[in-house]
Amino acid sequence: VTNSESFMLYTARHLRELSFEQLMAVYREGNEENGRILAPFDSQARQLRLAEGDFYSYLRDVFFLTPGALYAVWTVQGRYVSALRLEPYKDGLLLEALETAPQERGKGYAAALIRAVQELLKDGGVSRLYSHVGKQNAASLKTHQRCGFQIVADSAAYLDGTVSSRAYTMEYDIAKG
């Protein structure tokens with residue numbers, strides 16, 4: 001990373017405020033995986049279109065209709081390189097869908113995004129930031145811990161009410177920083 005690169009936190013409260021094409025480039029790997037699950041016998045191109053369509057529908061019909069929901073994107077010279085969603089959860093917000101474009105990994109962009117969000121929330125009246133991180137996802141666990149998150153539960157209780165023992169619940173106390 002050179003000093004000539006322009007880094008910025010970009011936030012959106014409405015789908016129309018996002019470049020969906022750039023967002024899908026960040027989530028392409030996950031969408032390809034989801035597409036294989038959704039339509040295992042279809043072509044890879046159709047699988048990807050279906051997964052991206054489901055993603056769009058979720059954002060339009062669920063996420064952006066949730067009061068307090070916020071999308072956060074880390075940009076480099078206007079390009080989306082990392083993204084996450086924030087939704088109301090317990091006594092704070094849930095950080096979810098943290099992803100960095102594969103070609104941008106290892107550059108610290110996810111941590112920069114999380115830290116920028118933490119800074120943004122300091123004056124916003126939010127006391128806690130939660131995240132569910134897969135127990136096998138060593139990179140994400142390390143990133144969260146570097147950003148001050150601590151494991152507070154050996155399972156994850158998701159927004160839809162399901163619980164998974166394959167993920168930890170992590171917490172960041174915004175007031176304590």
# chains A, B, ... in the order shown; residues from 1 in each chain; ligands from 1
>>> residues_around(residues="segment 43-57 of chain A", least_positions_apart="3", cutoff="12 Å", atoms="only C-alpha atoms", output="ChimeraX atom specification")
/A:14-16,18-40,60-65,97
>>> select_by_dssp(residues="chain A", states="alpha helix (DSSP H)", output="MDAnalysis selection string")
chainID A and resid 20:26 28:38 44:61 109:121 138:146
>>> atom_distance(atom1="atom CA of Gln103 of chain A", atom2="atom CA of Asp42 of chain A")
26.2 Å
>>> select_by_dssp(residues="segment 81-149 of chain A", states="strand (DSSP E)", output="ChimeraX atom specification")
/A:81-89,92-100,128-134
>>> write_last_selection(atoms="N, CA and C atoms", output="CSV table (one decimal), in the first residue's frame")
chain,number,residue,atom,x,y,z
A,81,VAL,N,-13.3,-2.6,-1.9
A,81,VAL,CA,-12.4,-3.7,-1.7
A,81,VAL,C,-12.8,-4.6,-0.5
A,82,SER,N,-13.6,-4.0,0.4
A,82,SER,CA,-14.1,-4.8,1.6
A,82,SER,C,-15.5,-4.2,2.0
A,83,ALA,N,-16.3,-5.1,2.5
A,83,ALA,CA,-17.7,-4.6,2.9
A,83,ALA,C,-18.2,-5.4,4.1
A,84,LEU,N,-19.2,-4.8,4.8
A,84,LEU,CA,-19.9,-5.5,5.9
A,84,LEU,C,-21.2,-4.8,6.0
A,85,ARG,N,-22.1,-5.6,6.7
A,85,ARG,CA,-23.4,-5.1,7.1
A,85,ARG,C,-23.5,-4.9,8.6
A,86,LEU,N,-24.3,-3.9,9.0
A,86,LEU,CA,-24.6,-3.7,10.4
A,86,LEU,C,-26.1,-3.7,10.6
A,87,GLU,N,-26.6,-4.4,11.5
A,87,GLU,CA,-28.0,-4.5,11.8
A,87,GLU,C,-28.2,-4.5,13.4
A,88,PRO,N,-29.3,-3.9,13.8
A,88,PRO,CA,-29.6,-3.9,15.3
A,88,PRO,C,-29.6,-5.4,15.8
A,89,TYR,N,-29.0,-5.5,17.0
A,89,TYR,CA,-28.8,-6.8,17.6
A,89,TYR,C,-28.6,-6.7,19.1
A,92,GLY,N,-26.9,-3.6,20.8
A,92,GLY,CA,-26.0,-2.9,20.0
A,92,GLY,C,-26.3,-3.2,18.5
A,93,LEU,N,-25.2,-3.5,17.7
A,93,LEU,CA,-25.3,-3.8,16.3
A,93,LEU,C,-24.6,-5.1,16.0
A,94,LEU,N,-25.0,-5.8,15.1
A,94,LEU,CA,-24.4,-7.0,14.6
A,94,LEU,C,-23.6,-6.7,13.3
A,95,LEU,N,-22.3,-7.0,13.3
A,95,LEU,CA,-21.5,-6.9,12.2
A,95,LEU,C,-21.6,-8.2,11.5
A,96,GLU,N,-22.0,-8.2,10.2
A,96,GLU,CA,-22.2,-9.4,9.5
A,96,GLU,C,-21.7,-9.3,8.0
A,97,ALA,N,-21.5,-10.4,7.4
A,97,ALA,CA,-21.2,-10.4,6.0
A,97,ALA,C,-19.9,-9.6,5.7
A,98,LEU,N,-18.9,-9.7,6.6
A,98,LEU,CA,-17.6,-9.1,6.4
A,98,LEU,C,-16.9,-9.9,5.3
A,99,GLU,N,-16.5,-9.2,4.2
A,99,GLU,CA,-15.9,-9.9,3.1
A,99,GLU,C,-14.9,-8.9,2.5
A,100,THR,N,-13.8,-9.4,2.0
A,100,THR,CA,-12.8,-8.7,1.3
A,100,THR,C,-12.6,-9.4,-0.1
A,128,ARG,N,-22.5,-1.5,21.9
A,128,ARG,CA,-21.7,-2.7,21.6
A,128,ARG,C,-21.9,-3.1,20.1
A,129,LEU,N,-20.8,-3.8,19.7
A,129,LEU,CA,-20.8,-4.3,18.3
A,129,LEU,C,-20.5,-5.8,18.5
A,130,TYR,N,-21.4,-6.6,17.9
A,130,TYR,CA,-21.3,-8.0,17.9
A,130,TYR,C,-20.9,-8.6,16.5
A,131,SER,N,-20.3,-9.8,16.5
A,131,SER,CA,-20.0,-10.4,15.3
A,131,SER,C,-20.0,-11.9,15.5
A,132,HIS,N,-20.5,-12.7,14.5
A,132,HIS,CA,-20.4,-14.1,14.6
A,132,HIS,C,-19.4,-14.6,13.6
A,133,VAL,N,-18.4,-15.3,14.1
A,133,VAL,CA,-17.2,-15.7,13.3
A,133,VAL,C,-17.1,-17.2,13.4
A,134,GLY,N,-17.0,-17.8,12.2
A,134,GLY,CA,-16.8,-19.3,12.2
A,134,GLY,C,-15.6,-19.7,12.9
>>> residues_around(residues="Asn137 of chain A", least_positions_apart="6", cutoff="12 Å", atoms="only C-alpha atoms", output="list of chain:residue names")
A:Leu98, A:Thr143, A:His144, A:Arg166, A:Ala167, A:Tyr168
>>> closest_residue(among="A:Lys122, A:Arg13, A:Leu141, A:Lys135", to="Pro67 of chain A", atoms="only C-alpha atoms")
A:Arg13
>>> closest_residue(among="A:Thr66, A:Gln150, A:Thr75, A:Ser164", to="Ala112 of chain A", atoms="only C-alpha atoms")
A:Thr75
>>> closest_residue(among="A:Val126, A:Ala116, A:Ala153, A:Leu159", to="Ile174 of chain A", atoms="only C-alpha atoms")
A:Val126
>>> closest_residue(among="A:Gly106, A:Gly68, A:Gly177, A:Gly78", to="Ala139 of chain A", atoms="only C-alpha atoms")
A:Gly106
>>> atom_distance(atom1="atom CA of Pro102 of chain A", atom2="atom CA of Gln118 of chain A")
23.5 Å
>>> closest_residue(among="A:Asp160, A:Glu171, A:Asp91, A:Glu104", to="Gly125 of chain A", atoms="only C-alpha atoms")
A:Asp91
>>> atom_distance(atom1="atom CA of Tyr10 of chain A", atom2="atom CA of Tyr158 of chain A")
25.4 Å
